[in-house]
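Encoded as structure tokens, the structure appears first; notes follow it.
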Amino acid sequence: MTTRKLLILLGAGILLSTLFLACETGPAAPLTNARGELANGTATGTAPSYGGPASVTLTVVDGLITQVVAAAPHDTAMFSAGVLARAHSDMVRFNTPRIDNVSGATVTSMAINEAAQNALNQILAE
């Protein structure tokens, strides 16, 4: 292989790896209430889902989401399991009440997002 081809391949590899790394985002800023204080508290929010209500209990300590318990007991477990598994890890990791929709469980994903936002709104109102 010529030097030129090696340099082109190396450049393409660097470009692709840069694109993938740029997609990763860090956690959001700490959550604050209307008075500008770091949010603290625990609350449960609910939202309608595919088979019945979904719920999310959020715990926020010093503006950071530290605990998430998500449940959609009336939805088909085969589809909702992925959403429920991601809820805790993604919400804590990115400090947000939102997760990306999971293909095949869009309604459950949207319900978990809405329930988490409802819980967060309660915490921020305190």
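Each chain in the structure tokens gets a letter, A, B and so on, in the order shown; residues start at 1 in every chain, and ligands are counted from 1 in the order they appear.
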
Requested in this report: Give the strand (DSSP E or B) residues of chain A, as assigned by DSSP on the backbone, as a ChimeraX atom specification.
Outcome: /A:32,38,41-48,53-61,64-71

**Report entry** Residues within 9 Å of segment 55-72 of chain A, only C-alpha atoms, excluding chain neighbours under 2 positions, as a VMD selection string
**Finding:** chain A and resid 29 to 33 37 to 53 74 to 77 80 to 81 83 to 85 87 to 89 91 to 97 108 111 to 120 123

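One finds atom CA of Ala125 of chain A at 25.3 Å from atom CA of Asp100 of chain A.
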
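Computed from the coordinates, the atom CA of Asp90 of chain A to atom CA of Val102 of chain A distance equals 12.4 Å.
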
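One finds atom CA of Asn101 of chain A at 14.8 Å from atom CA of Ala54 of chain A.
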
**Report entry** helix (DSSP H, G or I) positions in chain A, given as a ChimeraX atom specification
**Finding:** /A:3-22,77-94,106-125
